[in-house]
Every structure is written in structure tokens, then in C-alpha cells.
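Asker: Dropping in data_21.txt, with compact mmCIF, C-alpha atoms.
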```
# COMPACT_ATOMS: atom_id res chain seq x y z
CA MET E 1 103.00 38.38 -2.33
CA LYS E 2 102.32 38.48 -6.06
CA ASN E 3 99.48 37.91 -8.49
CA LEU E 4 100.47 35.09 -10.81
CA LYS E 5 98.74 33.96 -13.98
CA THR E 6 99.83 30.37 -14.39
CA VAL E 7 98.67 26.85 -15.29
CA VAL E 8 97.67 23.57 -13.67
CA LEU E 9 100.30 20.82 -13.84
CA ASN E 10 98.02 18.04 -12.60
CA ASN E 11 94.75 17.67 -10.72
CA ASN E 12 93.75 14.27 -9.36
CA GLU E 13 91.05 12.89 -7.10
CA ILE E 14 92.80 11.25 -4.13
CA ALA E 15 89.70 10.23 -2.14
CA PRO E 16 85.96 10.58 -2.76
CA GLY E 17 85.36 14.31 -3.06
CA TYR E 18 88.99 15.29 -2.33
CA PHE E 19 91.43 16.52 -4.99
CA ARG E 20 95.13 17.32 -5.10
CA MET E 21 96.22 20.01 -7.52
CA MET E 22 99.77 20.90 -8.58
CA ILE E 23 100.19 24.40 -10.03
CA LEU E 24 103.19 25.99 -11.74
CA ALA E 25 104.41 28.60 -9.23
CA PRO E 26 107.84 30.18 -9.82
CA GLY E 27 109.49 31.27 -6.58
CA TYR E 28 107.06 29.55 -4.21
CA PRO E 29 109.56 27.05 -2.73
CA GLN E 30 111.69 30.00 -1.59
CA GLN E 31 108.82 32.28 -0.51
CA ALA E 32 106.06 30.15 1.03
CA LYS E 33 106.10 29.43 4.76
CA ALA E 34 104.33 26.70 6.70
CA GLY E 35 100.76 27.78 7.40
CA GLN E 36 100.40 30.34 4.60
CA PHE E 37 97.70 30.20 1.93
CA VAL E 38 96.86 31.36 -1.60
CA MET E 39 93.80 32.91 -3.21
CA LEU E 40 92.96 31.01 -6.40
CA ARG E 41 90.79 31.98 -9.36
CA VAL E 42 89.95 29.74 -12.31
CA GLN E 43 90.77 31.53 -15.58
CA PRO E 44 89.10 32.48 -17.82
CA GLN E 45 85.73 32.61 -16.07
CA SER E 46 82.80 34.84 -15.27
CA GLN E 47 81.44 33.03 -12.22
CA PRO E 48 82.29 32.71 -9.40
CA LEU E 49 83.89 36.15 -9.55
CA LEU E 50 85.91 36.03 -6.32
CA ARG E 51 89.04 34.06 -5.62
CA ARG E 52 88.91 31.15 -3.17
CA PRO E 53 91.38 30.68 -0.26
CA PHE E 54 93.36 27.43 -0.01
CA GLY E 55 96.08 26.39 2.40
CA ILE E 56 99.42 25.44 0.90
CA PHE E 57 100.10 21.73 1.30
CA ARG E 58 103.54 21.53 -0.30
CA THR E 59 105.98 23.36 -2.55
CA GLY E 60 108.84 22.00 -4.59
CA THR E 61 110.68 21.92 -7.89
CA LEU E 62 110.13 19.41 -10.68
CA PRO E 63 113.49 18.20 -12.08
CA ALA E 64 114.07 18.85 -15.75
CA GLN E 65 114.18 15.11 -16.55
CA CYS E 66 110.58 14.68 -15.34
CA THR E 67 109.11 17.04 -17.91
CA GLY E 68 111.67 17.55 -20.65
CA LEU E 69 111.53 21.23 -19.71
CA PRO E 70 113.69 23.40 -17.43
CA GLU E 71 113.22 22.93 -13.67
CA ARG E 72 109.80 24.18 -12.64
CA ASP E 73 108.68 25.37 -9.22
CA PHE E 74 105.26 24.26 -8.06
CA VAL E 75 102.74 24.61 -5.26
CA GLU E 76 100.32 21.84 -4.25
CA LEU E 77 96.84 22.30 -2.85
CA ILE E 78 94.50 19.67 -1.40
CA TYR E 79 90.84 20.64 -1.46
CA LYS E 80 87.38 19.22 -0.91
CA VAL E 81 84.57 19.72 -3.42
CA VAL E 82 81.81 21.49 -1.50
CA GLY E 83 80.57 24.33 -3.73
CA THR E 84 80.57 25.98 -7.14
CA GLY E 85 84.18 27.16 -7.00
CA THR E 86 85.68 23.84 -5.93
CA THR E 87 83.50 21.98 -8.45
CA MET E 88 85.01 24.11 -11.20
CA MET E 89 88.47 23.40 -9.83
CA SER E 90 87.86 19.65 -9.87
CA GLU E 91 87.20 19.85 -13.62
CA LEU E 92 90.53 21.49 -14.46
CA LYS E 93 93.04 19.57 -16.58
CA ASN E 94 96.78 19.82 -17.16
CA GLY E 95 97.60 23.13 -18.83
CA ASP E 96 94.37 24.90 -17.86
CA PRO E 97 94.92 28.52 -16.75
CA VAL E 98 94.50 29.67 -13.15
CA GLU E 99 95.42 32.77 -11.21
CA LEU E 100 97.19 32.74 -7.83
CA LEU E 101 97.53 35.54 -5.32
CA GLY E 102 100.08 34.72 -2.64
CA PRO E 103 101.72 33.43 -0.58
CA LEU E 104 99.49 35.17 1.97
CA GLY E 105 99.02 35.40 5.73
CA GLU E 106 101.05 34.64 8.82
CA GLY E 107 102.23 31.07 9.25
CA PHE E 108 103.39 28.99 12.21
CA LEU E 109 106.00 30.43 14.58
CA LEU E 110 108.95 28.09 15.06
CA GLU E 111 111.37 30.31 16.95
CA THR E 112 111.51 28.27 20.16
CA GLN E 113 113.19 24.89 20.17
CA SER E 114 111.12 22.09 21.66
CA THR E 115 111.70 18.36 21.89
CA ASN E 116 108.15 17.21 21.18
CA HIS E 117 105.50 18.51 18.82
CA LEU E 118 101.93 17.28 18.40
CA LEU E 119 100.15 18.17 15.15
CA VAL E 120 96.37 17.77 15.26
CA GLY E 121 94.49 17.68 11.95
CA GLY E 122 90.80 17.25 11.23
CA GLY E 123 89.88 16.33 7.65
CA ILE E 124 91.13 18.96 5.20
CA GLY E 125 92.81 20.63 8.19
CA LEU E 126 95.77 18.37 7.53
CA VAL E 127 96.84 20.65 4.65
CA PRO E 128 98.89 23.36 6.44
CA LEU E 129 100.50 20.81 8.78
CA TYR E 130 102.68 19.10 6.17
CA MET E 131 105.13 21.96 5.61
CA LEU E 132 105.20 22.50 9.38
CA ALA E 133 106.11 18.85 9.94
CA GLU E 134 108.75 19.11 7.23
CA LYS E 135 110.43 22.09 8.92
CA LEU E 136 110.33 20.50 12.37
CA CYS E 137 111.75 17.21 11.11
CA GLN E 138 114.53 19.03 9.25
CA ARG E 139 115.78 20.51 12.50
CA GLY E 140 115.66 17.13 14.26
CA ASP E 141 112.61 17.57 16.49
CA SER E 142 110.21 14.77 17.41
CA VAL E 143 106.92 15.15 15.54
CA ARG E 144 103.67 13.23 15.97
CA LEU E 145 100.59 13.68 13.80
CA LEU E 146 97.15 13.03 15.28
CA MET E 147 94.74 12.83 12.35
CA GLY E 148 90.97 12.61 12.69
CA GLY E 149 88.05 12.32 10.30
CA ARG E 150 84.47 11.18 10.07
CA THR E 151 85.38 8.14 7.94
CA ARG E 152 88.45 6.63 6.29
CA ASP E 153 87.75 8.80 3.21
CA ASP E 154 88.58 11.90 5.29
CA ILE E 155 92.09 10.67 6.18
CA LEU E 156 94.52 12.16 3.67
CA GLY E 157 98.26 12.26 3.03
CA ILE E 158 99.34 10.03 5.91
CA THR E 159 102.03 8.29 3.84
CA GLU E 160 103.79 11.56 3.08
CA PHE E 161 104.02 12.46 6.76
CA GLU E 162 105.44 9.03 7.53
CA ARG E 163 108.10 9.52 4.86
CA LEU E 164 109.28 12.57 6.79
CA GLY E 165 109.70 10.41 9.89
CA VAL E 166 106.52 11.59 11.60
CA GLU E 167 104.72 9.17 13.94
CA THR E 168 101.08 9.08 12.84
CA TYR E 169 97.95 8.24 14.83
CA VAL E 170 94.59 7.98 13.05
CA SER E 171 91.10 8.11 14.51
CA THR E 172 87.73 8.11 12.75
CA ASP E 173 84.25 8.73 14.11
CA ASP E 174 82.95 5.45 12.68
CA GLY E 175 86.06 3.35 13.34
CA SER E 176 86.56 2.63 9.62
CA LEU E 177 90.27 3.47 9.94
CA GLY E 178 92.46 3.60 13.01
CA GLU E 179 90.96 4.15 16.43
CA GLU E 180 87.22 4.74 16.76
CA GLY E 181 86.44 8.09 18.33
CA LEU E 182 87.52 11.73 18.32
CA VAL E 183 91.06 12.92 17.68
CA THR E 184 90.83 15.04 20.83
CA ALA E 185 90.76 11.87 22.93
CA VAL E 186 94.08 10.87 21.36
CA LEU E 187 95.47 14.33 22.10
CA SER E 188 94.56 14.05 25.79
CA ARG E 189 96.45 10.77 26.06
CA LYS E 190 99.50 12.06 24.22
CA LEU E 191 99.73 15.16 26.43
CA THR E 192 99.78 12.88 29.46
CA ARG E 193 102.82 11.17 27.96
CA PHE E 194 104.42 14.35 26.52
CA PRO E 195 103.47 17.19 28.87
CA ASP E 196 106.24 19.40 27.45
CA ALA E 197 104.90 19.17 23.89
CA ARG E 198 103.87 22.10 21.73
CA VAL E 199 100.59 21.64 19.88
CA TYR E 200 99.54 22.88 16.44
CA ALA E 201 96.03 22.29 15.13
CA CYS E 202 93.87 22.89 12.08
CA GLY E 203 90.36 21.65 11.38
CA PRO E 204 86.69 22.42 12.04
CA MET E 205 86.02 25.07 14.69
CA PRO E 206 84.36 22.64 17.16
CA MET E 207 87.49 20.50 17.03
CA LEU E 208 89.76 23.52 17.49
CA ALA E 209 87.70 24.71 20.45
CA ALA E 210 88.02 21.28 22.08
CA VAL E 211 91.78 21.20 21.40
CA ARG E 212 92.12 24.65 22.96
CA THR E 213 90.22 23.54 26.08
CA ILE E 214 92.52 20.53 26.49
CA CYS E 215 95.72 22.51 25.93
CA HIS E 216 94.62 25.39 28.17
CA ALA E 217 93.90 22.97 31.02
CA ALA E 218 97.29 21.30 30.52
CA ASP E 219 99.11 24.67 30.28
CA VAL E 220 100.46 23.70 26.85
CA ASP E 221 101.33 26.13 24.05
CA LEU E 222 98.88 25.89 21.14
CA GLN E 223 98.85 27.48 17.70
CA VAL E 224 95.71 27.12 15.59
CA SER E 225 95.25 27.57 11.86
CA LEU E 226 91.75 28.82 11.12
CA GLU E 227 89.64 28.02 8.08
CA ALA E 228 87.60 31.10 7.16
CA LEU E 229 85.47 32.63 4.43
CA MET E 230 87.61 35.20 2.63
CA ALA E 231 86.76 37.60 -0.18
CA CYS E 232 90.06 39.45 -0.64
CA GLY E 233 92.79 37.64 1.32
CA ILE E 234 94.63 40.88 2.15
CA GLY E 235 92.62 42.41 5.02
CA ALA E 236 90.60 44.90 2.98
CA CYS E 237 87.08 43.45 3.13
CA LEU E 238 87.01 42.47 6.84
CA GLY E 239 84.93 39.43 5.96
CA CYS E 240 87.08 36.95 7.88
CA VAL E 241 87.43 38.63 11.28
CA VAL E 242 87.48 36.65 14.51
CA PRO E 243 87.08 38.04 18.05
CA SER E 244 90.24 38.70 20.01
CA LYS E 245 90.62 37.93 23.70
CA ASP E 246 92.12 41.21 24.93
CA HIS E 247 91.26 44.65 23.60
CA SER E 248 93.88 47.41 23.58
CA GLU E 249 95.40 49.90 21.16
CA LYS E 250 97.73 47.17 19.94
CA GLN E 251 95.12 44.40 20.14
CA PRO E 252 91.79 45.32 18.47
CA ASP E 253 88.45 43.70 19.21
CA TYR E 254 88.67 41.63 16.02
CA LEU E 255 91.52 40.08 14.07
CA CYS E 256 91.62 39.43 10.33
CA THR E 257 92.18 35.75 9.64
CA CYS E 258 93.77 36.53 6.28
CA LYS E 259 96.14 39.27 7.46
CA GLN E 260 96.94 38.53 11.11
CA GLY E 261 96.42 34.79 10.66
CA PRO E 262 95.42 32.24 9.53
CA VAL E 263 97.70 30.95 12.30
CA PHE E 264 97.11 32.39 15.77
CA ASP E 265 98.28 31.76 19.29
CA ALA E 266 95.14 30.10 20.64
CA GLU E 267 95.15 32.30 23.74
CA ALA E 268 94.83 35.46 21.61
CA LEU E 269 91.31 34.47 20.52
CA ALA E 270 88.00 34.83 22.36
CA TRP E 271 86.64 31.32 21.96
CA SER E 272 83.33 32.01 23.67
CA GLN E 273 82.43 35.03 21.51
CA GLY E 274 82.41 33.78 17.96
CA ARG E 275 83.43 31.19 15.40
CA VAL E 276 84.72 31.05 11.86
CA SER E 277 83.03 29.01 9.13
CA ALA E 278 84.99 26.76 6.80
CA HIS E 279 85.38 28.09 3.27
CA ASP E 280 84.29 26.40 0.07
```
Any chance you could put this one into C-alpha cells?

Answerer:
Amino acid sequence: MKNLKTVVLNNNEIAPGYFRMMILAPGYPQQAKAGQFVMLRVQPQSQPLLRRPFGIFRTGTLPAQCTGLPERDFVELIYKVVGTGTTMMSELKNGDPVELLGPLGEGFLLETQSTNHLLVGGGIGLVPLYMLAEKLCQRGDSVRLLMGGRTRDDILGITEFERLGVETYVSTDDGSLGEEGLVTAVLSRKLTRFPDARVYACGPMPMLAAVRTICHAADVDLQVSLEALMACGIGACLGCVVPSKDHSEKQPDYLCTCKQGPVFDAEALAWSQGRVSAHD
């Protein structure tokens, strides 16, 4: 983890209200793990004072021939404009200064080999799943992405997953793209076909709760990446706690999303006792 004063490399609107930002980030391709996040602050600024948390979509290195400069490491974020902070971000141009704290948090656990993996994303929840898919595809596993959104405008980045070799299945509430209906219905069908699959999900809390119910009933391993309001990103403010399932000396009543997450084993959380709000 390090605090980095750096600059924006590009910042483009990719769908109505959704932006993709590339930031100069030396060392991130070597350090960042699938499921981790950064705390970003627009610089210089007076308001908003606090950094904002954003999942890492992708890292990489720009070749020297692309820029006329030495090779440059970068990190990419995809975000939705929903408040003051993200509105300010959407106005940033190439070369504008920003400040990054990260990479932060615990990412996805990939220790156990499995033949089939189902990635479930809802809207902006697709963000932490790309690097996960990349790692799984690199080791030769079978990966399927189930992507849901309210409308076609909420379906992001599908082409990049397909380039990795990921099978993609899209559903929208209004039927404007892919299958009409909820992504959880697609998950239920896929688990019938792939009962040995491991599931990884990120999206709104109601969606995650439904995914957990389905996976629990099917006795399937599930990891969830939570979206939470965060003030510090390092476990100091306790503003992003979620209730844990089992209390003991090693397992407290509450877990910090920023420090012990944002990725959790779904069965470690007390789903009936609380919920986490999406950040802005």
C-alpha cells in the first residue's frame, strides 16, 4: 500500500453516466490483486475532503511506442456518476492530478483448483471481476460471466471478458439487451448444469443476498465483493463494518469491509442482520 500523487492518462464516458479512467500508477501491475480497490482523491481540491473507494478494473503497462515516453504502468477504474465526488471525477482531463491510496483490501482467494467458475456481476459490480477472470483464464479454467443490469446502459465491458475467452450471458430487467429478467435466474440455471462450479459475485446488496441464498441451497462455494461507504480505507474509522455470522475471539461481531474485505466468503457474513450501502 502506498499513497501516490499521480495524473490521469484518460477519462472517457463509456455509457450514459458511466466513465472509464486510466491513471498513471507505477508498480500496480505487480502489486494489485483481483478484488482489491483504491481510495482516490481529486487534486488539488477543497471539497469533497475525503477520498472515494473504487474497485480496480484492470492494470497494465503502456508500451513506449504508444506515448513516446518510457513504459508506463497504469490502473483503470470504471465508475458511475452518482454524487459530488464522481461528478468531479467525470470532469477530469488527461494530465489532471489525482491522489491514489492503494492497492487496498483482501481480494479473491484462488488457492483451490476448480474446473468451472461462475462470475455474477450487477451493474458496476462487474469491475472487480475482470482481473479475477483474467487470472482464472490464465491457468486454463472454464469461466462464465453472468452479467445483469436494469437496462442495456448498465451492461459494461462485455467485449473485454470475451477477449479473455470468457463465455458471457447478459440479462436486463427491461429486456433491452440479452435475456429479460434477473441475473439470479440465469445463475440458478447454470448451477443446475455446473453443480461443481465456484461462484464469485459483486453488485447491489439485494442481488448478493439472492445469490447467497441460491448458492447456500445448492451447497456451492461463494465469494462476494461488497460495495461499501468508506472514509479511510484502512480500517481506522469503522464506517464500513458488516455483521459477521459467528462471534468468537478470532471472529468479531463485525468485519471491516476495507480491511478484512471487500471480498468475503459469503458464509462468514450474517445476511439477516445488516446490509452495506453502495458508495458514491

Asker: Using all atoms listed in the file, list the residues that have an atom at most 12 Å from (86.1, 9.3, 4.0), coordinates as in the file, as a PDB file with C-alpha atoms, in the coordinates of the input.

Answerer:
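Result file is point38.pdb:
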```pdb
ATOM      1  CA  ILE E  14      92.800  11.250  -4.130  1.00  0.00           C
ATOM      2  CA  ALA E  15      89.700  10.230  -2.140  1.00  0.00           C
ATOM      3  CA  PRO E  16      85.960  10.580  -2.760  1.00  0.00           C
ATOM      4  CA  GLY E  17      85.360  14.310  -3.060  1.00  0.00           C
ATOM      5  CA  TYR E  18      88.990  15.290  -2.330  1.00  0.00           C
ATOM      6  CA  LYS E  80      87.380  19.220  -0.910  1.00  0.00           C
ATOM      7  CA  GLY E 122      90.800  17.250  11.230  1.00  0.00           C
ATOM      8  CA  GLY E 123      89.880  16.330   7.650  1.00  0.00           C
ATOM      9  CA  ILE E 124      91.130  18.960   5.200  1.00  0.00           C
ATOM     10  CA  GLY E 148      90.970  12.610  12.690  1.00  0.00           C
ATOM     11  CA  GLY E 149      88.050  12.320  10.300  1.00  0.00           C
ATOM     12  CA  ARG E 150      84.470  11.180  10.070  1.00  0.00           C
ATOM     13  CA  THR E 151      85.380   8.140   7.940  1.00  0.00           C
ATOM     14  CA  ARG E 152      88.450   6.630   6.290  1.00  0.00           C
ATOM     15  CA  ASP E 153      87.750   8.800   3.210  1.00  0.00           C
ATOM     16  CA  ASP E 154      88.580  11.900   5.290  1.00  0.00           C
ATOM     17  CA  ILE E 155      92.090  10.670   6.180  1.00  0.00           C
ATOM     18  CA  LEU E 156      94.520  12.160   3.670  1.00  0.00           C
ATOM     19  CA  SER E 171      91.100   8.110  14.510  1.00  0.00           C
ATOM     20  CA  THR E 172      87.730   8.110  12.750  1.00  0.00           C
ATOM     21  CA  ASP E 173      84.250   8.730  14.110  1.00  0.00           C
ATOM     22  CA  ASP E 174      82.950   5.450  12.680  1.00  0.00           C
ATOM     23  CA  GLY E 175      86.060   3.350  13.340  1.00  0.00           C
ATOM     24  CA  SER E 176      86.560   2.630   9.620  1.00  0.00           C
ATOM     25  CA  LEU E 177      90.270   3.470   9.940  1.00  0.00           C
TER      26      LEU E 177
END
```

Asker: Residues at most 8 Å from Glu106 of chain E, counting all atoms listed in the file, excluding those fewer than 2 positions away in the same chain, as a PyMOL selection string?

Answerer: chain E and resi 35-36+104+108+258-263

Asker: Using only C-alpha atoms, which residue out of E:His117, E:Lys33, E:Arg163, E:Lys135 lies closest to Ala201 of chain E?

Answerer: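 The shortest atom-to-atom distance to Ala201 of chain E comes from E:His117.
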
Asker: Which value, in Å to one decimal, gives the distance between atom CA of Phe194 of chain E and atom CA of Leu145 of chain E?

Answerer: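 Distance reported for this atom pair: 13.3 Å.
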
Asker: Would you mind reading off the distance between atom CA of Leu100 of chain E and atom CA of Tyr130 of chain E, one decimal, in Å?

Answerer: 20.3 Å

Asker: Please, what distance in Å, to one decimal, runs between atom CA of Cys256 of chain E and atom CA of Lys5 of chain E?

Answerer: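 Interatomic distance, atom CA of Cys256 of chain E to atom CA of Lys5 of chain E: 25.9 Å.
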
Asker: Can you work out which one of E:Ile234, E:Leu136, E:Ala34, E:Val242 has the shortest atom-to-atom distance to Met205 of chain E, counting all atoms listed in the file?

Answerer: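 Comparing E:Ile234, E:Leu136, E:Ala34, E:Val242 against Met205 of chain E, the winner is E:Val242.
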
Asker: For Tyr79 of chain E, list every protein, DNA or RNA residue within 8 Å, evaluated using only C-alpha atoms, and leave out those in the same chain fewer than 2 positions away; present the list as a list of chain:residue names.

Answerer: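 Residues meeting the cut-off are E:Tyr18, E:Phe19, E:Arg20, E:Phe54, E:Leu77, E:Val81, E:Thr86, E:Ile124.
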
Asker: Could you check the closest approach to Asn12 of chain E for each of E:Met89, E:Ile56, E:Cys137, E:Leu255 and tell me which residue wins, using all atoms listed in the file?

Answerer: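 The closest residue to Asn12 of chain E is E:Met89.
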
Asker: Taking 5 positions as the minimum chain separation for residues in the same chain, which residues sit within 12 Å of Val38 of chain E when counting all atoms listed in the file? Answer as number ranges by chain.

Answerer: E: 1-4, 23, 25, 28, 32-33, 51-58, 75-78, 98-106, 128, 230-234, 258, 262

Asker: Of the candidates E:Asp96, E:Glu162, E:Asp219, E:Glu180, which one gets nearest to Glu267 of chain E if we count only C-alpha atoms?

Answerer: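 Among E:Asp96, E:Glu162, E:Asp219, E:Glu180, it is E:Asp219 that comes nearest to Glu267 of chain E.
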
Asker: Measuring between only C-alpha atoms, which one of E:Asn10, E:Glu227, E:Ala185, E:Cys215 shows the shortest distance to Asn94 of chain E?

Answerer: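 Closest candidate: E:Asn10.
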